[in-house]
file run_13.cif (mmCIF, C-alpha atoms)
data_run
loop_
_atom_site.group_PDB
_atom_site.id
_atom_site.type_symbol
_atom_site.label_atom_id
_atom_site.label_comp_id
_atom_site.auth_asym_id
_atom_site.auth_seq_id
_atom_site.Cartn_x
_atom_site.Cartn_y
_atom_site.Cartn_z
ATOM 1 C CA MET A 158 232.951 108.537 -46.434
ATOM 2 C CA THR A 159 230.507 106.714 -44.157
ATOM 3 C CA ASP A 160 228.237 108.616 -41.789
ATOM 4 C CA PRO A 161 229.845 108.628 -38.327
ATOM 5 C CA LEU A 162 226.443 108.647 -36.604
ATOM 6 C CA HIS A 163 223.563 106.207 -37.046
ATOM 7 C CA VAL A 164 220.097 107.445 -36.055
ATOM 8 C CA GLU A 165 217.307 104.975 -35.316
ATOM 9 C CA ARG A 166 213.754 105.409 -34.052
ATOM 10 C CA ARG A 167 212.133 102.898 -31.709
ATOM 11 C CA GLY A 168 208.737 104.174 -30.726
ATOM 12 C CA GLY A 169 209.252 107.438 -28.870
ATOM 13 C CA ALA A 170 212.976 106.803 -28.440
ATOM 14 C CA ALA A 171 215.596 108.169 -30.830
ATOM 15 C CA ILE A 172 218.873 106.235 -30.651
ATOM 16 C CA LEU A 173 222.117 107.909 -31.719
ATOM 17 C CA THR A 174 224.937 105.413 -32.273
ATOM 18 C CA ILE A 175 228.462 106.677 -32.882
ATOM 19 C CA ASP A 176 229.447 104.402 -35.751
ATOM 20 C CA ARG A 177 233.256 104.467 -35.662
ATOM 21 C CA GLU A 178 234.041 101.176 -33.959
ATOM 22 C CA ALA A 179 237.460 100.864 -35.621
ATOM 23 C CA ARG A 180 238.423 104.205 -34.053
ATOM 24 C CA ARG A 181 236.892 103.300 -30.677
ATOM 25 C CA ASN A 182 234.031 105.669 -31.538
ATOM 26 C CA ALA A 183 236.334 108.668 -31.119
ATOM 27 C CA LEU A 184 234.951 112.178 -31.575
ATOM 28 C CA SER A 185 236.141 113.390 -34.957
ATOM 29 C CA ARG A 186 235.049 116.754 -36.314
ATOM 30 C CA ASP A 187 232.448 115.071 -38.525
ATOM 31 C CA THR A 188 231.124 113.104 -35.547
ATOM 32 C CA LEU A 189 230.668 116.259 -33.487
ATOM 33 C CA LEU A 190 228.879 117.985 -36.366
ATOM 34 C CA ALA A 191 226.621 114.960 -36.832
ATOM 35 C CA LEU A 192 225.754 114.934 -33.119
ATOM 36 C CA GLY A 193 224.910 118.633 -33.351
ATOM 37 C CA ARG A 194 222.623 118.139 -36.348
ATOM 38 C CA ALA A 195 220.855 115.203 -34.733
ATOM 39 C CA GLY A 196 220.499 116.994 -31.404
ATOM 40 C CA ARG A 197 218.878 120.020 -33.027
ATOM 41 C CA GLU A 198 216.515 117.952 -35.169
ATOM 42 C CA LEU A 199 215.406 115.500 -32.505
ATOM 43 C CA SER A 200 214.988 118.131 -29.809
ATOM 44 C CA ALA A 201 212.434 119.860 -32.033
ATOM 45 C CA ASP A 202 210.575 116.666 -33.031
ATOM 46 C CA PRO A 203 207.354 116.217 -31.010
ATOM 47 C CA ALA A 204 207.351 112.484 -31.760
ATOM 48 C CA VAL A 205 210.616 112.022 -29.835
ATOM 49 C CA ARG A 206 210.189 111.443 -26.108
ATOM 50 C CA VAL A 207 213.731 110.424 -25.160
ATOM 51 C CA ILE A 208 217.145 110.487 -26.860
ATOM 52 C CA VAL A 209 219.655 107.681 -26.226
ATOM 53 C CA VAL A 210 223.344 108.084 -27.117
ATOM 54 C CA THR A 211 225.570 105.017 -27.442
ATOM 55 C CA GLY A 212 228.555 103.646 -29.381
ATOM 56 C CA ARG A 213 228.942 100.843 -31.887
ATOM 57 C CA GLY A 214 230.236 97.520 -30.542
ATOM 58 C CA ASP A 215 230.962 96.505 -26.978
ATOM 59 C CA LYS A 216 234.468 97.903 -26.480
ATOM 60 C CA ALA A 217 234.017 101.658 -26.436
ATOM 61 C CA PHE A 218 231.187 104.094 -25.846
ATOM 62 C CA CYS A 219 233.626 106.794 -26.929
ATOM 63 C CA ALA A 220 237.369 106.911 -26.312
ATOM 64 C CA GLY A 221 237.468 110.704 -26.521
ATOM 65 C CA ALA A 222 239.098 112.937 -29.109
ATOM 66 C CA ASP A 223 240.274 111.399 -32.372
ATOM 67 C CA LEU A 224 244.012 111.762 -31.807
ATOM 68 C CA LYS A 225 244.818 110.456 -35.300
ATOM 69 C CA GLU A 226 242.803 113.315 -36.772
ATOM 70 C CA ARG A 227 244.671 115.768 -34.538
ATOM 71 C CA GLN A 228 248.111 114.768 -35.815
ATOM 72 C CA GLY A 229 249.585 117.821 -37.489
ATOM 73 C CA SER A 230 246.948 120.144 -36.030
ATOM 74 C CA THR A 231 248.037 123.628 -35.023
ATOM 75 C CA ASP A 232 247.099 125.122 -31.667
ATOM 76 C CA ASP A 233 244.395 127.139 -33.425
ATOM 77 C CA ASP A 234 243.043 123.964 -35.054
ATOM 78 C CA VAL A 235 242.711 122.373 -31.625
ATOM 79 C CA ARG A 236 241.031 125.488 -30.228
ATOM 80 C CA ALA A 237 238.500 125.343 -33.063
ATOM 81 C CA GLN A 238 237.850 121.669 -32.347
ATOM 82 C CA ILE A 239 237.319 122.380 -28.646
ATOM 83 C CA SER A 240 234.794 125.059 -29.582
ATOM 84 C CA LEU A 241 232.835 122.420 -31.519
ATOM 85 C CA TYR A 242 232.305 120.462 -28.328
ATOM 86 C CA ARG A 243 230.348 123.385 -26.942
ATOM 87 C CA THR A 244 228.399 124.299 -30.061
ATOM 88 C CA GLU A 245 227.621 120.754 -31.254
ATOM 89 C CA LEU A 246 227.017 119.013 -27.926
ATOM 90 C CA GLY A 247 225.050 122.036 -26.701
ATOM 91 C CA PRO A 248 221.803 120.934 -28.416
ATOM 92 C CA LEU A 249 221.889 117.660 -26.471
ATOM 93 C CA ASP A 250 222.868 119.459 -23.270
ATOM 94 C CA ARG A 251 219.968 121.907 -23.593
ATOM 95 C CA SER A 252 217.445 119.499 -25.091
ATOM 96 C CA PRO A 253 213.932 119.641 -23.608
ATOM 97 C CA LYS A 254 213.851 115.873 -24.190
ATOM 98 C CA PRO A 255 215.616 113.679 -21.616
ATOM 99 C CA VAL A 256 218.959 112.480 -23.010
ATOM 100 C CA VAL A 257 220.402 109.168 -21.804
ATOM 101 C CA ALA A 258 223.886 107.735 -22.334
ATOM 102 C CA ALA A 259 224.024 103.964 -22.849
ATOM 103 C CA ILE A 260 227.703 103.400 -22.034
ATOM 104 C CA ASN A 261 228.653 100.204 -23.841
ATOM 105 C CA GLY A 262 232.381 100.242 -23.072
ATOM 106 C CA VAL A 263 235.122 102.694 -22.181
ATOM 107 C CA ALA A 264 234.114 106.339 -21.806
ATOM 108 C CA PHE A 265 237.387 108.222 -21.612
ATOM 109 C CA GLY A 266 238.131 111.927 -21.939
ATOM 110 C CA GLY A 267 235.682 113.513 -24.351
ATOM 111 C CA GLY A 268 233.674 110.295 -24.251
ATOM 112 C CA LEU A 269 232.931 110.726 -20.578
ATOM 113 C CA GLU A 270 232.301 114.417 -21.189
ATOM 114 C CA LEU A 271 229.718 113.415 -23.820
ATOM 115 C CA ALA A 272 228.082 111.126 -21.238
ATOM 116 C CA LEU A 273 228.086 113.991 -18.725
ATOM 117 C CA VAL A 274 226.112 116.116 -21.204
ATOM 118 C CA CYS A 275 223.329 113.527 -20.880
ATOM 119 C CA ASP A 276 220.697 113.673 -18.141
ATOM 120 C CA LEU A 277 221.042 109.998 -17.160
ATOM 121 C CA ARG A 278 223.767 107.393 -17.644
ATOM 122 C CA VAL A 279 223.301 103.618 -17.960
ATOM 123 C CA ALA A 280 226.474 101.513 -18.117
ATOM 124 C CA ALA A 281 227.341 97.999 -19.165
ATOM 125 C CA ALA A 282 228.971 96.027 -16.347
ATOM 126 C CA HIS A 283 232.365 96.053 -18.131
ATOM 127 C CA ALA A 284 232.378 99.803 -18.831
ATOM 128 C CA GLU A 285 235.181 102.027 -17.535
ATOM 129 C CA LEU A 286 235.005 105.791 -17.082
ATOM 130 C CA ALA A 287 237.896 108.247 -16.803
ATOM 131 C CA LEU A 288 239.173 111.745 -17.534
ATOM 132 C CA PRO A 289 242.894 111.077 -18.150
ATOM 133 C CA GLU A 290 243.787 114.438 -19.692
ATOM 134 C CA THR A 291 246.157 115.750 -17.009
ATOM 135 C CA GLY A 292 248.398 112.760 -17.711
ATOM 136 C CA LEU A 293 248.646 114.058 -21.281
ATOM 137 C CA GLY A 294 249.566 117.570 -20.181
ATOM 138 C CA ILE A 295 246.129 119.087 -20.725
ATOM 139 C CA ILE A 296 242.810 119.314 -18.861
ATOM 140 C CA PRO A 297 239.331 118.109 -19.821
ATOM 141 C CA GLY A 298 238.260 120.616 -22.453
ATOM 142 C CA ALA A 299 234.672 119.616 -23.234
ATOM 143 C CA GLY A 300 233.051 120.544 -19.938
ATOM 144 C CA GLY A 301 234.526 117.849 -17.709
ATOM 145 C CA THR A 302 235.912 120.225 -15.080
ATOM 146 C CA GLN A 303 232.486 121.852 -14.779
ATOM 147 C CA ARG A 304 229.993 118.991 -15.141
ATOM 148 C CA LEU A 305 231.817 116.265 -13.212
ATOM 149 C CA PRO A 306 231.896 118.170 -9.871
ATOM 150 C CA ARG A 307 228.182 118.890 -10.252
ATOM 151 C CA VAL A 308 227.527 115.145 -10.509
ATOM 152 C CA VAL A 309 229.993 113.547 -8.058
ATOM 153 C CA GLY A 310 231.125 116.493 -5.919
ATOM 154 C CA GLU A 311 234.309 118.529 -5.865
ATOM 155 C CA ALA A 312 236.560 116.089 -3.991
ATOM 156 C CA ARG A 313 235.773 113.078 -6.151
ATOM 157 C CA ALA A 314 236.002 115.127 -9.342
ATOM 158 C CA LYS A 315 239.501 116.262 -8.319
ATOM 159 C CA GLU A 316 240.433 112.669 -7.549
ATOM 160 C CA MET A 317 239.351 111.490 -10.989
ATOM 161 C CA ILE A 318 240.958 114.380 -12.865
ATOM 162 C CA LEU A 319 244.208 114.851 -10.912
ATOM 163 C CA LEU A 320 244.927 111.140 -10.464
ATOM 164 C CA GLY A 321 243.547 110.109 -13.844
ATOM 165 C CA ARG A 322 241.585 107.484 -11.962
ATOM 166 C CA ARG A 323 239.537 104.963 -13.906
ATOM 167 C CA LEU A 324 236.216 103.892 -12.427
ATOM 168 C CA SER A 325 234.525 100.590 -13.086
ATOM 169 C CA ALA A 326 230.797 100.665 -13.756
ATOM 170 C CA GLU A 327 230.050 99.552 -10.188
ATOM 171 C CA GLU A 328 232.353 102.210 -8.718
ATOM 172 C CA ALA A 329 230.722 104.818 -10.945
ATOM 173 C CA LEU A 330 227.321 103.685 -9.677
ATOM 174 C CA ARG A 331 228.435 104.089 -6.050
ATOM 175 C CA TRP A 332 229.786 107.544 -6.827
ATOM 176 C CA GLY A 333 226.560 108.589 -8.535
ATOM 177 C CA LEU A 334 228.319 109.025 -11.875
ATOM 178 C CA VAL A 335 226.017 106.459 -13.490
ATOM 179 C CA ASN A 336 222.397 105.799 -12.578
ATOM 180 C CA HIS A 337 222.092 102.134 -13.484
ATOM 181 C CA VAL A 338 224.389 99.221 -14.359
ATOM 182 C CA VAL A 339 223.281 96.469 -16.721
ATOM 183 C CA ALA A 340 224.360 92.932 -15.864
ATOM 184 C CA GLU A 341 227.130 91.264 -17.850
ATOM 185 C CA GLY A 342 225.756 89.519 -20.914
ATOM 186 C CA ALA A 343 222.512 91.491 -21.010
ATOM 187 C CA ASP A 344 221.528 93.602 -24.008
ATOM 188 C CA LEU A 345 222.572 97.114 -22.973
ATOM 189 C CA LEU A 346 220.356 98.973 -25.421
ATOM 190 C CA ALA A 347 217.279 96.872 -24.664
ATOM 191 C CA GLU A 348 217.862 97.248 -20.927
ATOM 192 C CA THR A 349 218.383 100.997 -21.310
ATOM 193 C CA LEU A 350 215.130 101.386 -23.234
ATOM 194 C CA ALA A 351 213.331 99.374 -20.550
ATOM 195 C CA TYR A 352 214.912 101.550 -17.856
ATOM 196 C CA VAL A 353 213.732 104.766 -19.528
ATOM 197 C CA ALA A 354 210.277 103.428 -20.463
ATOM 198 C CA PRO A 355 208.637 105.703 -17.847
ATOM 199 C CA ILE A 356 210.137 108.655 -19.727
ATOM 200 C CA ALA A 357 208.915 107.460 -23.126
ATOM 201 C CA ASP A 358 205.444 106.943 -21.643
ATOM 202 C CA GLY A 359 205.496 110.123 -19.567
ATOM 203 C CA ALA A 360 204.297 113.700 -19.951
ATOM 204 C CA PRO A 361 206.665 115.673 -22.234
ATOM 205 C CA VAL A 362 205.580 119.106 -21.005
ATOM 206 C CA ALA A 363 206.216 118.145 -17.386
ATOM 207 C CA GLN A 364 209.529 116.466 -18.202
ATOM 208 C CA ALA A 365 210.810 119.485 -20.127
ATOM 209 C CA ALA A 366 209.735 121.781 -17.291
ATOM 210 C CA ALA A 367 211.434 119.560 -14.709
ATOM 211 C CA LEU A 368 214.684 119.489 -16.701
ATOM 212 C CA ALA A 369 214.668 123.263 -17.105
ATOM 213 C CA ALA A 370 214.026 123.803 -13.396
ATOM 214 C CA ILE A 371 216.723 121.341 -12.317
ATOM 215 C CA ASP A 372 219.286 122.820 -14.701
ATOM 216 C CA ALA A 373 218.496 126.309 -13.396
ATOM 217 C CA ALA A 374 219.269 125.170 -9.858
ATOM 218 C CA LEU A 375 222.915 124.684 -10.835
ATOM 219 C CA GLU A 376 223.358 128.287 -11.919
ATOM 220 C CA VAL A 377 221.327 130.558 -9.620
ATOM 221 C CA PRO A 378 220.845 131.172 -5.871
ATOM 222 C CA LEU A 379 218.162 129.104 -4.127
ATOM 223 C CA ASP A 380 215.587 131.905 -3.985
ATOM 224 C CA ARG A 381 215.856 132.504 -7.723
ATOM 225 C CA GLY A 382 215.763 128.758 -8.355
ATOM 226 C CA LEU A 383 212.540 128.417 -6.388
ATOM 227 C CA GLU A 384 211.000 131.234 -8.416
ATOM 228 C CA LEU A 385 212.042 129.530 -11.654
ATOM 229 C CA GLU A 386 210.574 126.269 -10.361
ATOM 230 C CA ARG A 387 207.265 128.055 -9.777
ATOM 231 C CA LEU A 388 207.290 129.437 -13.327
ATOM 232 C CA HIS A 389 208.009 126.041 -14.856
ATOM 233 C CA TYR A 390 205.321 124.447 -12.674
ATOM 234 C CA ASP A 391 202.834 127.016 -13.930
ATOM 235 C CA ALA A 392 203.562 125.889 -17.505
ATOM 236 C CA THR A 393 202.536 122.339 -16.603
ATOM 237 C CA LEU A 394 199.293 123.576 -15.039
ATOM 238 C CA ARG A 395 198.208 124.895 -18.423
ATOM 239 C CA SER A 396 198.976 121.653 -20.266
ATOM 240 C CA ALA A 397 196.457 119.187 -21.651
ATOM 241 C CA ASP A 398 198.678 116.408 -20.293
ATOM 242 C CA ARG A 399 197.926 117.499 -16.713
ATOM 243 C CA ARG A 400 194.180 117.333 -17.351
ATOM 244 C CA GLU A 401 194.623 113.951 -19.010
ATOM 245 C CA ALA A 402 196.493 112.672 -15.944
ATOM 246 C CA LEU A 403 193.646 113.744 -13.672
ATOM 247 C CA SER A 404 191.061 112.112 -15.919
ATOM 248 C CA ALA A 405 193.078 108.899 -16.112
ATOM 249 C CA PHE A 406 193.394 108.786 -12.314
ATOM 250 C CA ALA A 407 189.638 109.231 -11.907
ATOM 251 C CA GLU A 408 188.943 106.573 -14.536
ATOM 252 C CA LYS A 409 191.558 104.150 -13.159
ATOM 253 C CA ARG A 410 193.485 103.843 -16.408
ATOM 254 C CA ARG A 411 196.954 104.761 -17.683
ATOM 255 C CA PRO A 412 197.220 108.324 -19.001
ATOM 256 C CA ARG A 413 197.769 108.939 -22.707
ATOM 257 C CA PHE A 414 200.174 111.866 -22.891
ATOM 258 C CA THR A 415 200.505 113.834 -26.123
ATOM 259 C CA GLY A 416 202.886 116.616 -25.183
ATOM 260 C CA ALA A 417 200.197 119.271 -25.474
#
call {"tool": "encode", "arguments": {"input": "run_13.cif", "output": "structure tokens"}}
result
Amino acid sequence: MTDPLHVERRGGAAILTIDREARRNALSRDTLLALGRAGRELSADPAVRVIVVTGRGDKAFCAGADLKERQGSTDDDVRAQISLYRTELGPLDRSPKPVVAAINGVAFGGGLELALVCDLRVAAAHAELALPETGLGIIPGAGGTQRLPRVVGEARAKEMILLGRRLSAEEALRWGLVNHVVAEGADLLAETLAYVAPIADGAPVAQAAALAAIDAALEVPLDRGLELERLHYDATLRSADRREALSAFAEKRRPRFTGA
């Protein structure tokens, strides 16, 4: 059996490519487990500055659950599979490294939910995004009902989920669902790496602190969030990267961040 996930390093970027093009890069059990392993390993690797998730080919980023694999599954089997979304996508969701989705085609159902786990989303011009589950008699089960409203707002999330509405890349950009759209014919991965170059060249301690503070804002009252922000800011004050940034500014050169 071939590995469903290809991992590649390009400088400080780690690229995870779902390698199941014939199955529209659907999320099989093995694919979820592979994403979990890679997320845990790369999140702990000091050489990794940014993680990029994409799919093989130009048709599908990820078409969602592998429905062929689910044929014959019992209700308990499906419940166990849904639990894997939380345990195996959790390492990417909680990663101290910025995680970026390079959406190379359709991102439907669990595919869009995988993209929503990421901190930033870059889409090819022909990409389409949707959560069509209610049309299949179910609801998004991998965090879509929780993460989508936090990104696009309650009303638009309900529109996408209740109507099963598909968004083009440009519509998704206007809604704030994606951060950047790559022009038709351009190399999506190369453009994504160029887009996130400031992350790869940036200060890892500060980036991790910023991600932790932003994520906390979604779960606590404002006063508590401001206190958490102060605590995370204090961690950056103690970092060698902050002192390097000050020295670089004084010396009129680019800083050389090490993550210390």
call {"tool": "closest_atom_pairs", "arguments": {"input": "run_13.cif", "of": "segment 332-367 of chain A", "to": "segment 278-301 of chain A", "cutoff": "10 Å", "atoms": "only C-alpha atoms", "output": "tab-separated table"}}
result
residue	atom	partner	partner_atom	distance
A:Gly333	CA	A:Arg278	CA	9.6
A:Leu334	CA	A:Arg278	CA	7.5
A:Val335	CA	A:Arg278	CA	4.8
A:Asn336	CA	A:Arg278	CA	5.5
A:His337	CA	A:Val279	CA	4.9
A:Val338	CA	A:Ala280	CA	4.9
A:Val339	CA	A:Ala281	CA	5.0
A:Ala340	CA	A:Ala282	CA	5.6
A:Glu341	CA	A:Ala282	CA	5.3
A:Gly342	CA	A:Ala282	CA	8.6
A:Ala343	CA	A:Ala281	CA	8.3
A:Asp344	CA	A:Ala281	CA	8.8
A:Leu345	CA	A:Ala281	CA	6.2
A:Leu346	CA	A:Val279	CA	9.3
A:Glu348	CA	A:Val279	CA	8.9
A:Thr349	CA	A:Val279	CA	6.5
A:Leu350	CA	A:Val279	CA	10.0
A:Tyr352	CA	A:Val279	CA	8.6
A:Val353	CA	A:Val279	CA	9.8
call {"tool": "closest_atom_pairs", "arguments": {"input": "run_13.cif", "of": "segment 259-362 of chain A", "to": "segment 371-378 of chain A", "cutoff": "12 Å", "atoms": "all atoms listed in the file", "output": "CSV"}}
result
residue,atom,partner,partner_atom,distance
A:Val274,CA,A:Asp372,CA,11.6
A:Cys275,CA,A:Asp372,CA,11.9
A:Asp276,CA,A:Asp372,CA,9.9
A:Gln303,CA,A:Leu375,CA,10.7
A:Arg304,CA,A:Leu375,CA,10.1
A:Pro306,CA,A:Leu375,CA,11.1
A:Arg307,CA,A:Leu375,CA,7.9
A:Val308,CA,A:Leu375,CA,10.6
call {"tool": "closest_residue", "arguments": {"input": "run_13.cif", "among": "A:Ala204, A:Ala363, A:Val309, A:Leu173", "to": "Val256 of chain A", "atoms": "all atoms listed in the file"}}
result
A:Leu173
call {"tool": "resolve_selection", "arguments": {"input": "run_13.cif", "expression": "the PyMOL selection byres ((chain A and resi 313) around 12)", "output": "compact mmCIF listing (two decimals) with C-alpha atoms, in the frame of the given file"}}
result
# COMPACT_ATOMS: atom_id res chain seq x y z
CA ALA A 287 237.90 108.25 -16.80
CA LEU A 288 239.17 111.74 -17.53
CA THR A 302 235.91 120.22 -15.08
CA LEU A 305 231.82 116.26 -13.21
CA PRO A 306 231.90 118.17 -9.87
CA ARG A 307 228.18 118.89 -10.25
CA VAL A 308 227.53 115.14 -10.51
CA VAL A 309 229.99 113.55 -8.06
CA GLY A 310 231.12 116.49 -5.92
CA GLU A 311 234.31 118.53 -5.86
CA ALA A 312 236.56 116.09 -3.99
CA ALA A 314 236.00 115.13 -9.34
CA LYS A 315 239.50 116.26 -8.32
CA GLU A 316 240.43 112.67 -7.55
CA MET A 317 239.35 111.49 -10.99
CA ILE A 318 240.96 114.38 -12.86
CA LEU A 319 244.21 114.85 -10.91
CA LEU A 320 244.93 111.14 -10.46
CA GLY A 321 243.55 110.11 -13.84
CA ARG A 322 241.58 107.48 -11.96
CA ARG A 323 239.54 104.96 -13.91
CA LEU A 324 236.22 103.89 -12.43
CA GLU A 328 232.35 102.21 -8.72
CA ALA A 329 230.72 104.82 -10.94
CA ARG A 331 228.44 104.09 -6.05
CA TRP A 332 229.79 107.54 -6.83
CA GLY A 333 226.56 108.59 -8.54
CA LEU A 334 228.32 109.02 -11.88
call {"tool": "resolve_selection", "arguments": {"input": "run_13.cif", "expression": "the PyMOL selection byres ((chain A and resi 179) around 12)", "output": "list in words"}}
result
Pro161, Ile175, Asp176, Arg177, Glu178, Arg180, Arg181, Asn182, Ala183, Gly212, Arg213, Gly214, Asp215, Lys216, Ala217, Cys219, Ala220 and Asp223 of chain A
call {"tool": "closest_residue", "arguments": {"input": "run_13.cif", "among": "A:Thr174, A:Ala367, A:Val209, A:Ala405", "to": "Asp160 of chain A", "atoms": "all atoms listed in the file"}}
result
A:Thr174
call {"tool": "resolve_selection", "arguments": {"input": "run_13.cif", "expression": "the PyMOL selection byres ((chain A and resi 417) around 12)", "output": "list of chain:residue names"}}
result
A:Pro203, A:Ala204, A:Ala360, A:Pro361, A:Val362, A:Ala363, A:Ala365, A:Ala392, A:Thr393, A:Leu394, A:Arg395, A:Ser396, A:Ala397, A:Asp398, A:Arg399, A:Arg400, A:Glu401, A:Arg413, A:Phe414, A:Thr415, A:Gly416
call {"tool": "closest_residue", "arguments": {"input": "run_13.cif", "among": "A:Leu189, A:Glu165, A:Leu383, A:Gln364", "to": "Arg243 of chain A", "atoms": "all atoms listed in the file"}}
result
A:Leu189
call {"tool": "closest_residue", "arguments": {"input": "run_13.cif", "among": "A:Leu246, A:Ala351, A:Ala369, A:Ala402", "to": "Arg387 of chain A", "atoms": "only C-alpha atoms"}}
result
A:Ala369
call {"tool": "atom_distance", "arguments": {"input": "run_13.cif", "atom1": "atom CA of Ala237 of chain A", "atom2": "atom CA of Phe218 of chain A"}}
result
23.6 Å
call {"tool": "atom_distance", "arguments": {"input": "run_13.cif", "atom1": "atom CA of Thr231 of chain A", "atom2": "atom CA of Ser185 of chain A"}}
result
15.7 Å
call {"tool": "atom_distance", "arguments": {"input": "run_13.cif", "atom1": "atom CA of Ala357 of chain A", "atom2": "atom CA of Gly169 of chain A"}}
result
5.8 Å
call {"tool": "closest_residue", "arguments": {"input": "run_13.cif", "among": "A:Leu385, A:Ala191, A:Val205, A:Ala222", "to": "Phe265 of chain A", "atoms": "only C-alpha atoms"}}
result
A:Ala222
call {"tool": "axis_aligned_box", "arguments": {"input": "run_13.cif", "around": "segment 298-315 of chain A", "padding_each_side": "5 Å", "output": "AutoDock Vina command-line options"}}
result
--center_x 233.5 --center_y 117.5 --center_z -13.6 --size_x 22.0 --size_y 18.8 --size_z 29.2
call {"tool": "closest_residue", "arguments": {"input": "run_13.cif", "among": "A:Ala201, A:Leu269, A:Ala258, A:Leu190", "to": "Gln238 of chain A", "atoms": "all atoms listed in the file"}}
result
A:Leu190
call {"tool": "decode", "arguments": {"input": "run_13.cif", "residues": "segment 367-404 of chain A", "atoms": "C-alpha atoms", "output": "mmCIF file, in the first residue's frame"}}
result
data_model
loop_
_atom_site.group_PDB
_atom_site.id
_atom_site.type_symbol
_atom_site.label_atom_id
_atom_site.label_comp_id
_atom_site.auth_asym_id
_atom_site.auth_seq_id
_atom_site.Cartn_x
_atom_site.Cartn_y
_atom_site.Cartn_z
ATOM 1 C CA ALA A 367 0.861 35.329 18.495
ATOM 2 C CA LEU A 368 -0.944 32.151 17.409
ATOM 3 C CA ALA A 369 -1.537 31.105 21.010
ATOM 4 C CA ALA A 370 -2.875 34.541 21.940
ATOM 5 C CA ILE A 371 -5.169 34.743 18.907
ATOM 6 C CA ASP A 372 -6.529 31.239 19.472
ATOM 7 C CA ALA A 373 -7.217 32.088 23.121
ATOM 8 C CA ALA A 374 -9.325 35.056 22.041
ATOM 9 C CA LEU A 375 -11.864 32.668 20.513
ATOM 10 C CA GLU A 376 -12.486 30.854 23.780
ATOM 11 C CA VAL A 377 -12.334 33.351 26.662
ATOM 12 C CA PRO A 378 -13.844 36.737 27.622
ATOM 13 C CA LEU A 379 -11.950 39.841 26.485
ATOM 14 C CA ASP A 380 -10.417 40.593 29.887
ATOM 15 C CA ARG A 381 -8.987 37.086 30.150
ATOM 16 C CA GLY A 382 -7.813 37.268 26.540
ATOM 17 C CA LEU A 383 -5.932 40.488 27.221
ATOM 18 C CA GLU A 384 -4.247 38.874 30.217
ATOM 19 C CA LEU A 385 -3.228 35.889 28.090
ATOM 20 C CA GLU A 386 -1.903 38.280 25.446
ATOM 21 C CA ARG A 387 0.261 39.932 28.103
ATOM 22 C CA LEU A 388 1.643 36.555 29.197
ATOM 23 C CA HIS A 389 2.479 35.524 25.643
ATOM 24 C CA TYR A 390 4.067 38.926 24.990
ATOM 25 C CA ASP A 391 6.244 38.456 28.056
ATOM 26 C CA ALA A 392 7.568 35.208 26.547
ATOM 27 C CA THR A 393 8.764 37.113 23.480
ATOM 28 C CA LEU A 394 10.521 39.697 25.655
ATOM 29 C CA ARG A 395 12.783 36.970 27.002
ATOM 30 C CA SER A 396 13.694 35.614 23.563
ATOM 31 C CA ALA A 397 17.026 35.978 21.798
ATOM 32 C CA ASP A 398 15.072 36.694 18.610
ATOM 33 C CA ARG A 399 13.772 39.963 20.091
ATOM 34 C CA ARG A 400 17.307 41.101 20.917
ATOM 35 C CA GLU A 401 18.437 40.076 17.444
ATOM 36 C CA ALA A 402 15.649 42.169 15.901
ATOM 37 C CA LEU A 403 16.765 45.227 17.853
ATOM 38 C CA SER A 404 20.388 44.710 16.853
#
